[in-house]
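Source file: run_31.tsv; contents: TSV, C-alpha atoms.
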chain	number	residue	atom	x	y	z
A	540	MET	CA	75.03	83.57	92.03
A	541	SER	CA	73.21	84.00	95.35
A	542	THR	CA	72.46	87.45	96.77
A	543	TYR	CA	73.10	86.53	100.40
A	544	THR	CA	74.90	89.09	102.50
A	545	TYR	CA	78.17	88.02	104.11
A	546	GLU	CA	76.43	87.80	107.49
A	547	GLU	CA	73.63	85.64	106.05
A	548	SER	CA	76.21	83.39	104.39
A	549	VAL	CA	78.08	82.86	107.65
A	550	ARG	CA	74.86	82.13	109.52
A	551	TRP	CA	73.98	79.53	106.89
A	552	MET	CA	77.42	77.91	107.24
A	553	ARG	CA	77.03	77.71	111.02
A	554	GLN	CA	73.82	75.75	110.56
A	555	GLN	CA	75.47	73.10	108.35
A	556	PRO	CA	77.18	70.35	110.41
A	557	GLU	CA	79.49	69.48	107.52
A	558	HIS	CA	80.95	73.01	107.67
A	559	SER	CA	81.50	73.16	111.44
A	560	GLU	CA	85.26	72.67	111.16
A	561	LEU	CA	85.54	75.32	108.44
A	562	VAL	CA	83.62	77.78	110.60
A	563	LYS	CA	86.02	77.14	113.47
A	564	LEU	CA	89.14	77.43	111.28
A	565	CYS	CA	87.84	80.75	109.92
A	566	TYR	CA	87.20	82.05	113.47
A	567	LEU	CA	83.54	82.54	112.61
A	568	ASP	CA	82.15	80.87	115.73
A	569	GLU	CA	78.72	82.06	116.83
A	570	GLU	CA	80.34	82.91	120.17
A	571	ASN	CA	82.68	85.62	118.91
A	572	TYR	CA	84.60	85.99	122.18
A	573	THR	CA	85.58	82.31	122.00
A	574	ALA	CA	86.94	82.82	118.47
A	575	ALA	CA	88.84	85.95	119.53
A	576	GLN	CA	90.48	84.19	122.48
A	577	ARG	CA	91.48	81.28	120.25
A	578	PHE	CA	93.04	83.62	117.68
A	579	ALA	CA	94.89	85.55	120.41
A	580	SER	CA	96.52	82.32	121.61
A	581	SER	CA	97.24	80.93	118.13
A	582	GLU	CA	100.61	80.30	116.48
A	583	GLU	CA	99.51	82.71	113.77
A	584	PHE	CA	99.10	85.61	116.17
A	585	THR	CA	102.36	84.76	117.95
A	586	GLU	CA	104.12	85.14	114.60
A	587	ILE	CA	102.29	88.39	113.90
A	588	THR	CA	103.62	89.88	117.13
A	589	LYS	CA	107.15	88.85	116.10
A	590	LEU	CA	106.84	90.30	112.59
A	591	LEU	CA	105.57	93.61	113.97
A	592	GLY	CA	108.05	93.74	116.84
A	593	LEU	CA	105.29	93.68	119.44
A	594	ASN	CA	106.74	90.76	121.38
A	595	ASN	CA	109.73	92.66	122.77
A	596	SER	CA	108.43	96.22	123.01
A	597	SER	CA	106.83	98.03	125.93
A	598	LYS	CA	105.62	100.87	123.69
A	599	LYS	CA	101.90	101.37	123.21
A	600	PHE	CA	101.21	101.50	119.48
A	601	LYS	CA	98.30	102.99	117.59
A	602	ILE	CA	97.19	100.25	115.20
A	603	LEU	CA	94.72	100.28	112.33
A	604	ASP	CA	93.03	96.90	111.88
A	605	LEU	CA	91.73	97.38	108.36
A	606	GLY	CA	88.99	95.02	107.22
A	607	CYS	CA	88.60	93.90	110.82
A	608	GLY	CA	85.55	91.70	110.24
A	609	ASN	CA	84.34	90.29	113.55
A	610	GLY	CA	87.28	91.83	115.40
A	611	ILE	CA	89.32	88.81	116.43
A	612	ALA	CA	92.63	90.49	115.55
A	613	SER	CA	91.54	93.80	117.07
A	614	TYR	CA	90.88	91.97	120.33
A	615	ALA	CA	94.24	90.17	120.22
A	616	LEU	CA	96.20	93.36	119.48
A	617	ALA	CA	94.34	95.45	122.06
A	618	SER	CA	94.80	92.74	124.68
A	619	LEU	CA	98.57	93.35	124.39
A	620	GLY	CA	97.94	96.92	125.54
A	621	HIS	CA	97.70	98.73	122.21
A	622	ASP	CA	95.11	101.23	120.96
A	623	VAL	CA	93.36	99.68	117.98
A	624	VAL	CA	91.09	101.39	115.49
A	625	ALA	CA	88.99	98.70	113.80
A	626	VAL	CA	87.69	99.60	110.33
A	627	ASP	CA	85.24	97.68	108.18
A	628	PRO	CA	82.38	98.58	105.83
A	629	ASP	CA	80.17	95.92	107.47
A	630	ASP	CA	78.52	96.94	110.73
A	631	SER	CA	76.73	93.65	111.34
A	632	ALA	CA	76.33	92.19	114.81
A	633	SER	CA	77.65	88.76	113.83
A	634	VAL	CA	80.64	89.34	111.54
A	635	GLY	CA	81.14	93.12	111.49
A	636	LEU	CA	81.74	96.21	113.58
A	637	THR	CA	78.99	95.57	116.13
A	638	ALA	CA	80.63	92.24	116.94
A	639	THR	CA	83.98	94.05	117.24
A	640	GLN	CA	82.48	96.66	119.58
A	641	LYS	CA	81.35	93.92	121.94
A	642	LEU	CA	84.88	92.52	122.04
A	643	GLY	CA	86.16	96.00	122.85
A	644	SER	CA	84.22	95.97	126.11
A	645	MET	CA	86.19	92.87	127.13
A	646	VAL	CA	89.62	94.48	126.70
A	647	HIS	CA	91.12	95.99	129.85
A	648	ASN	CA	94.72	97.03	129.12
A	649	GLY	CA	94.31	98.39	125.59
A	650	SER	CA	91.40	99.80	123.60
A	651	ILE	CA	89.29	99.18	120.50
A	652	SER	CA	87.37	101.89	118.68
A	653	THR	CA	85.38	101.16	115.53
A	654	VAL	CA	84.88	103.15	112.33
A	655	GLN	CA	82.69	102.17	109.40
A	656	ALA	CA	84.60	102.92	106.20
A	657	PHE	CA	86.09	101.49	103.02
A	658	ALA	CA	89.83	101.11	102.56
A	659	GLU	CA	89.79	103.37	99.51
A	660	SER	CA	88.61	106.37	101.58
A	661	LEU	CA	89.87	106.26	105.15
A	662	PRO	CA	88.58	109.06	107.43
A	663	PHE	CA	91.92	109.66	109.16
A	664	SER	CA	94.59	112.32	108.95
A	665	ASP	CA	97.96	111.66	107.36
A	666	SER	CA	100.52	109.87	109.55
A	667	THR	CA	98.02	108.73	112.19
A	668	PHE	CA	99.06	105.11	112.81
A	669	ASP	CA	102.23	103.27	113.82
A	670	ILE	CA	100.98	100.03	112.23
A	671	VAL	CA	98.40	99.07	109.63
A	672	TYR	CA	97.40	95.42	109.88
A	673	THR	CA	95.13	93.60	107.46
A	674	ARG	CA	94.13	89.94	107.54
A	675	GLN	CA	92.65	88.55	104.33
A	676	ALA	CA	91.60	92.04	103.27
A	677	LEU	CA	93.64	93.35	100.31
A	678	HIS	CA	91.92	91.04	97.84
A	679	HIS	CA	88.58	92.52	98.94
A	680	PHE	CA	89.56	96.11	98.09
A	681	SER	CA	87.53	97.47	95.19
A	682	ASP	CA	90.70	99.27	94.05
A	683	LEU	CA	93.89	97.60	95.27
A	684	TYR	CA	96.22	100.51	94.56
A	685	LYS	CA	93.86	103.17	95.95
A	686	GLY	CA	93.36	101.17	99.15
A	687	LEU	CA	97.11	100.65	99.58
A	688	ASN	CA	97.76	104.32	98.88
A	689	GLU	CA	95.39	105.14	101.74
A	690	CYS	CA	97.22	102.67	103.99
A	691	SER	CA	100.47	104.45	103.17
A	692	ARG	CA	98.95	107.89	103.72
A	693	VAL	CA	97.66	107.17	107.23
A	694	LEU	CA	100.89	105.47	108.33
A	695	LYS	CA	103.54	107.45	110.18
A	696	PRO	CA	107.01	107.64	108.58
A	697	ASN	CA	108.77	104.28	109.10
A	698	GLY	CA	105.43	102.75	110.05
A	699	LEU	CA	104.69	99.13	109.18
A	700	LEU	CA	102.05	97.51	107.02
A	701	LEU	CA	101.44	93.80	107.56
A	702	ALA	CA	99.00	92.27	105.09
A	703	THR	CA	98.44	88.56	105.77
A	704	ARG	CA	96.84	85.58	104.05
A	705	GLU	CA	96.28	87.15	100.63
A	706	HIS	CA	95.00	84.91	97.83
A	707	VAL	CA	97.41	84.50	94.91
A	708	ILE	CA	96.71	83.10	91.45
A	709	ASN	CA	98.76	82.76	88.27
A	710	ASN	CA	96.22	83.89	85.70
A	711	ASP	CA	92.52	84.34	84.90
A	712	ILE	CA	92.03	80.60	84.52
A	713	GLN	CA	93.24	80.03	88.08
A	714	LEU	CA	91.09	82.94	89.28
A	715	GLN	CA	87.98	81.36	87.83
A	716	GLU	CA	88.84	78.00	89.39
A	717	PHE	CA	89.46	79.66	92.76
A	718	LEU	CA	86.14	81.52	92.72
A	719	GLU	CA	84.18	78.46	91.61
A	720	ASN	CA	85.51	76.47	94.57
A	721	HIS	CA	85.23	79.15	97.26
A	722	LEU	CA	82.15	78.41	99.39
A	723	LEU	CA	81.55	81.94	100.64
A	724	HIS	CA	81.98	83.34	97.14
A	725	GLN	CA	79.29	80.96	95.94
A	726	LEU	CA	76.98	82.30	98.66
A	727	HIS	CA	77.57	86.03	98.58
A	728	ALA	CA	80.35	86.76	96.03
A	729	GLY	CA	82.94	89.41	96.92
A	730	GLU	CA	86.07	87.21	96.78
A	731	ASN	CA	89.05	87.94	94.58
A	732	ALA	CA	92.70	87.04	94.04
A	733	TYR	CA	95.66	88.53	92.16
A	734	PRO	CA	98.98	87.37	90.71
A	735	LEU	CA	101.85	87.92	93.14
A	736	GLU	CA	103.41	90.64	91.00
A	737	ILE	CA	100.19	92.68	91.13
A	738	TYR	CA	100.34	92.82	94.92
A	739	THR	CA	104.02	93.71	95.05
A	740	SER	CA	103.87	96.33	92.29
A	741	ALA	CA	100.83	97.96	93.94
A	742	LEU	CA	102.69	98.09	97.28
A	743	TYR	CA	105.71	99.79	95.75
A	744	LYS	CA	103.52	102.13	93.73
A	745	ALA	CA	101.74	103.16	96.93
A	746	GLY	CA	105.05	104.24	98.41
A	747	PHE	CA	106.05	101.25	100.50
A	748	ARG	CA	109.67	100.11	100.65
A	749	LYS	CA	111.46	97.03	101.87
A	750	VAL	CA	108.54	94.84	100.84
A	751	LYS	CA	109.11	91.42	102.38
A	752	THR	CA	107.09	88.66	100.75
A	753	LEU	CA	106.26	85.59	102.83
A	754	ALA	CA	105.61	82.53	100.66
A	755	PRO	CA	102.91	79.94	101.46
A	756	PHE	CA	105.09	77.74	103.69
A	757	ALA	CA	107.56	80.37	104.87
A	758	ASN	CA	105.52	81.16	107.96
A	759	VAL	CA	102.64	79.68	109.93
A	760	VAL	CA	100.74	82.94	109.30
A	761	ASN	CA	100.15	81.55	105.80
A	762	HIS	CA	100.06	77.80	106.28
A	763	PHE	CA	97.63	77.67	109.24
A	764	PRO	CA	95.86	75.34	110.06
A	765	THR	CA	99.02	73.34	109.31
A	766	SER	CA	101.12	73.99	112.41
A	767	ASN	CA	104.86	74.46	112.79
A	768	ALA	CA	104.93	71.05	114.47
A	769	ASP	CA	103.20	69.58	111.41
A	770	ILE	CA	105.91	71.05	109.17
A	771	ALA	CA	108.62	69.63	111.41
A	772	GLY	CA	106.96	66.22	111.27
A	773	MET	CA	106.69	66.37	107.49
A	774	LEU	CA	110.39	67.26	107.24
A	775	TYR	CA	111.33	64.38	109.54
A	776	GLU	CA	109.33	61.88	107.49
A	777	SER	CA	110.84	63.19	104.25
A	778	LEU	CA	114.38	62.92	105.62
A	779	SER	CA	113.68	59.47	107.12
A	780	ARG	CA	112.85	58.09	103.70
A	781	LYS	CA	116.19	59.35	102.39
A	782	VAL	CA	118.70	58.85	105.23
A	783	GLY	CA	116.92	56.77	107.87
A	784	ARG	CA	115.22	57.70	111.11
A	785	THR	CA	118.25	58.24	113.34
A	786	PRO	CA	120.02	60.78	111.09
A	787	ALA	CA	116.64	62.33	110.27
A	788	SER	CA	115.87	63.00	113.93
A	789	PHE	CA	119.04	65.11	114.09
A	790	LEU	CA	118.83	66.80	110.70
A	791	ALA	CA	115.17	67.79	111.13
A	792	LYS	CA	116.21	70.02	114.05
A	793	VAL	CA	118.74	71.95	111.96
A	794	SER	CA	117.19	75.31	111.05
A	795	LEU	CA	118.83	75.38	107.62
A	796	PHE	CA	117.16	72.10	106.64
A	797	GLU	CA	113.79	73.41	107.76
A	798	LYS	CA	114.29	76.65	105.83
A	799	VAL	CA	115.18	74.76	102.65
A	800	TYR	CA	112.23	72.41	103.15
A	801	ARG	CA	109.83	75.32	103.59
A	802	TYR	CA	111.23	76.87	100.42
A	803	TYR	CA	110.71	73.57	98.59
A	804	LEU	CA	107.09	73.30	99.80
A	805	SER	CA	106.39	76.89	98.77
A	806	ARG	CA	107.81	76.34	95.29
A	807	LYS	CA	105.60	73.27	94.88
A	808	CYS	CA	102.54	75.17	96.09
A	809	ASN	CA	100.75	76.34	92.97
A	810	PHE	CA	97.06	75.89	93.68
A	811	PRO	CA	94.63	78.75	92.94
A	812	GLY	CA	94.18	81.01	95.96
A	813	ARG	CA	97.36	79.98	97.79
A	814	LEU	CA	98.25	82.35	100.61
A	815	TYR	CA	101.01	84.95	100.76
A	816	SER	CA	101.72	87.74	103.26
A	817	PHE	CA	103.53	91.06	102.94
A	818	LEU	CA	105.48	93.07	105.50
A	819	CYS	CA	106.37	96.59	104.37
A	820	SER	CA	107.67	99.83	105.82
A	821	LYS	CA	106.71	103.32	104.74
Mind turning the file's structure into structure tokens?
Amino acid sequence: MSTYTYEESVRWMRQQPEHSELVKLCYLDEENYTAAQRFASSEEFTEITKLLGLNNSSKKFKILDLGCGNGIASYALASLGHDVVAVDPDDSASVGLTATQKLGSMVHNGSISTVQAFAESLPFSDSTFDIVYTRQALHHFSDLYKGLNECSRVLKPNGLLLATREHVINNDIQLQEFLENHLLHQLHAGENAYPLEIYTSALYKAGFRKVKTLAPFANVVNHFPTSNADIAGMLYESLSRKVGRTPASFLAKVSLFEKVYRYYLSRKCNFPGRLYSFLCSK
């Protein structure tokens, strides 16, 4: 196993032409502002604003972006006018808090402040935040329950936790397969994944209620880079093979058919590291 840091691993990836598309899909562009703007205009972030109720609210929220990485989500949330506290243990200039600080200087109607810390020991008072948002972060916690307990502690009563794009496996065999095929894990280690019931039980144990689980194809937040339009096209082609193109063009637009199709795709999705998201209230 290599001893590269995360920053060194990302820099190596950027230098490999065969990984250029992966770098872009992971929002790890060398020009961080470009990545942040692309994320802010993405279908994924549009869905995030809907899930958190940010799309139809004029209220300014205090949001914790936990495991913020290079700050793309902090930038997107702050650009909507919210006050974001970006937390990460990595202070690097390329993929950590220093990169996030630079994005903060480009936000004009909200704010970004940065704090170097681990999820398991957050330096904030109880009931500080309206929202805790994490993107691909829970599976990096050294102690899943302790980190989630901290998320619950710093949330205000009725506050929301949205944890997106979490890696799920069935068992230790799938975990090993997932780690062996994860490029960044090969370079610097640090990746992980859990069975679905481990995530949900840890959320409830930490004091969260109304835990809503979003399956792999339930929402574009999980199935990006496959777009909603891609899903609609897949549904149309599937229906066309069964009933013909004319009926399919009508049926594919019926929301119930799309919901059932997404459920079907999610049930079929069983590969190691598949992505789930969780929306919870305190």
Q. With distances taken over only C-alpha atoms, which of A:Phe817, A:Tyr684, A:Phe600, A:Tyr733 is nearest to Ile670 of chain A?
A. A:Phe600
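Atom CA of Val646 of chain A sits 18.3 Å away from atom CA of Tyr566 of chain A.
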Q.
Neighbouring residues of segment 775-780 of chain A were defined as those with any atom within 10 Å, considering only C-alpha atoms; residues of the same chain fewer than 6 positions away were excluded. Please report them as a ChimeraX atom specification.
A. /A:769,786-792,796-797,800
Q | Long-range neighbours of Lys599 of chain A as a PyMOL selection string, 12 Å cut-off, all atoms listed in the file, 3 positions minimum in chain | A | chain A and resi 592-596+602+616-623+648-650+668-670
Dump as JSON lines the rows for residues of segment 733-791 of chain A within 8 Å of segment 689-699 of chain A: closest atom pair and distance in Å with one decimal, all atoms listed in the file counted, ordered by chain and rising residue number.
{"residue": "A:Ala745", "atom": "CA", "partner": "A:Ser691", "partner_atom": "CA", "distance": 6.5}
{"residue": "A:Gly746", "atom": "CA", "partner": "A:Ser691", "partner_atom": "CA", "distance": 6.6}
{"residue": "A:Phe747", "atom": "CA", "partner": "A:Ser691", "partner_atom": "CA", "distance": 7.0}
Q: Mind listing whatever residues come within 9 Å of the point (78.1, 86.8, 121.0)? Use all atoms listed in the file, file coordinates, and give them as an NGL selection string.
A: :A and (568-573 or 632-633 or 638 or 641-642)
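In this comparison, which uses all atoms listed in the file, the residue of A:Ala771, A:Cys819, A:Leu567, A:Leu718 approaching Glu546 of chain A most closely is A:Leu567.
Distance annotation: of A:Leu683, A:Val793, A:Ala741, A:Arg674, the residue with the minimal separation from Tyr815 of chain A is A:Arg674; atom set is all atoms listed in the file.
Of the listed residues (A:Leu722, A:Ala625, A:Leu804, A:Leu818), A:Leu804 comes nearest to Ala757 of chain A; the distances count all atoms listed in the file.
Take atom CA of Leu774 of chain A and atom CA of Ser794 of chain A: the distance between them is 11.2 Å.
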Q.
What does the structure give for the distance between atom CA of Val671 of chain A and atom CA of Glu659 of chain A, in Å to one decimal?
A. 14.0 Å
Q.
as a PyMOL selection string, please: the residues near segment 547-554 of chain A (cut-off 10 Å, all atoms listed in the file, same-chain neighbours under 2 positions excluded).
A. chain A and resi 541-545+556-563+567-569+633-634+722-728
Next, write the just-selected residues to a file, as a PDB file, in the coordinates of the input, keeping C-alpha atoms as the atom set.
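Below you can see result_13.pdb, which holds the result:
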ATOM      1  CA  SER A 541      73.210  84.000  95.350  1.00  0.00           C
ATOM      2  CA  THR A 542      72.460  87.450  96.770  1.00  0.00           C
ATOM      3  CA  TYR A 543      73.100  86.530 100.400  1.00  0.00           C
ATOM      4  CA  THR A 544      74.900  89.090 102.500  1.00  0.00           C
ATOM      5  CA  TYR A 545      78.170  88.020 104.110  1.00  0.00           C
ATOM      6  CA  PRO A 556      77.180  70.350 110.410  1.00  0.00           C
ATOM      7  CA  GLU A 557      79.490  69.480 107.520  1.00  0.00           C
ATOM      8  CA  HIS A 558      80.950  73.010 107.670  1.00  0.00           C
ATOM      9  CA  SER A 559      81.500  73.160 111.440  1.00  0.00           C
ATOM     10  CA  GLU A 560      85.260  72.670 111.160  1.00  0.00           C
ATOM     11  CA  LEU A 561      85.540  75.320 108.440  1.00  0.00           C
ATOM     12  CA  VAL A 562      83.620  77.780 110.600  1.00  0.00           C
ATOM     13  CA  LYS A 563      86.020  77.140 113.470  1.00  0.00           C
ATOM     14  CA  LEU A 567      83.540  82.540 112.610  1.00  0.00           C
ATOM     15  CA  ASP A 568      82.150  80.870 115.730  1.00  0.00           C
ATOM     16  CA  GLU A 569      78.720  82.060 116.830  1.00  0.00           C
ATOM     17  CA  SER A 633      77.650  88.760 113.830  1.00  0.00           C
ATOM     18  CA  VAL A 634      80.640  89.340 111.540  1.00  0.00           C
ATOM     19  CA  LEU A 722      82.150  78.410  99.390  1.00  0.00           C
ATOM     20  CA  LEU A 723      81.550  81.940 100.640  1.00  0.00           C
ATOM     21  CA  HIS A 724      81.980  83.340  97.140  1.00  0.00           C
ATOM     22  CA  GLN A 725      79.290  80.960  95.940  1.00  0.00           C
ATOM     23  CA  LEU A 726      76.980  82.300  98.660  1.00  0.00           C
ATOM     24  CA  HIS A 727      77.570  86.030  98.580  1.00  0.00           C
ATOM     25  CA  ALA A 728      80.350  86.760  96.030  1.00  0.00           C
TER      26      ALA A 728
END
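Proximity of A:Pro662, A:Pro755, A:Gly606, A:Pro628 to Pro811 of chain A, computed with all atoms listed in the file, is greatest for A:Pro755.
Among the candidates A:Asn609, A:Gln713, A:Ser652, A:Gln555, the one nearest to Asn731 of chain A when counting only C-alpha atoms is A:Gln713.
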Q: Extract, using all atoms listed in the file, all DNA, RNA and protein residues at most 8 Å from Thr639 of chain A, discarding same-chain residues fewer than 4 positions from it, and format them as a PyMOL selection string.
A: chain A and resi 607-611+613-614+625+635+643+653
Can you sort out segment 714-734 of chain A so it carries N, CA and C atoms, written as a compact mmCIF listing (two decimals), in the coordinates of the input?
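File written: selection_15.txt
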# COMPACT_ATOMS: atom_id res chain seq x y z
N LEU A 714 92.06 82.11 88.55
CA LEU A 714 91.09 82.94 89.28
C LEU A 714 89.70 82.34 89.20
N GLN A 715 89.30 81.94 88.01
CA GLN A 715 87.98 81.36 87.83
C GLN A 715 87.84 80.07 88.64
N GLU A 716 88.87 79.24 88.62
CA GLU A 716 88.84 78.00 89.39
C GLU A 716 88.74 78.30 90.88
N PHE A 717 89.50 79.28 91.35
CA PHE A 717 89.46 79.66 92.76
C PHE A 717 88.06 80.12 93.17
N LEU A 718 87.45 80.99 92.37
CA LEU A 718 86.14 81.52 92.72
C LEU A 718 85.07 80.44 92.68
N GLU A 719 85.18 79.53 91.73
CA GLU A 719 84.18 78.46 91.61
C GLU A 719 84.22 77.49 92.78
N ASN A 720 85.36 77.42 93.47
CA ASN A 720 85.51 76.47 94.57
C ASN A 720 85.50 77.13 95.95
N HIS A 721 85.24 78.43 95.99
CA HIS A 721 85.23 79.15 97.26
C HIS A 721 83.79 79.21 97.77
N LEU A 722 83.52 78.55 98.90
CA LEU A 722 82.15 78.41 99.39
C LEU A 722 81.49 79.77 99.64
N LEU A 723 82.17 80.65 100.34
CA LEU A 723 81.55 81.94 100.64
C LEU A 723 81.32 82.77 99.38
N HIS A 724 82.19 82.61 98.40
CA HIS A 724 81.98 83.34 97.14
C HIS A 724 80.73 82.82 96.45
N GLN A 725 80.49 81.54 96.53
CA GLN A 725 79.29 80.96 95.94
C GLN A 725 78.03 81.52 96.60
N LEU A 726 78.14 81.83 97.91
CA LEU A 726 76.98 82.30 98.66
C LEU A 726 76.74 83.79 98.52
N HIS A 727 77.80 84.58 98.58
CA HIS A 727 77.57 86.03 98.58
C HIS A 727 78.48 86.80 97.64
N ALA A 728 79.38 86.12 96.93
CA ALA A 728 80.35 86.76 96.03
C ALA A 728 81.31 87.63 96.87
N GLY A 729 82.06 88.50 96.20
CA GLY A 729 82.94 89.41 96.92
C GLY A 729 84.37 88.93 97.07
N GLU A 730 84.68 87.68 96.67
CA GLU A 730 86.07 87.21 96.78
C GLU A 730 86.86 87.63 95.54
N ASN A 731 88.18 87.59 95.69
CA ASN A 731 89.05 87.94 94.58
C ASN A 731 90.44 87.38 94.87
N ALA A 732 91.31 87.46 93.89
CA ALA A 732 92.70 87.04 94.04
C ALA A 732 93.49 87.71 92.92
N TYR A 733 94.81 87.87 93.14
CA TYR A 733 95.66 88.53 92.16
C TYR A 733 96.95 87.73 91.97
N PRO A 734 97.61 87.89 90.84
CA PRO A 734 98.98 87.37 90.71
C PRO A 734 99.89 88.07 91.71
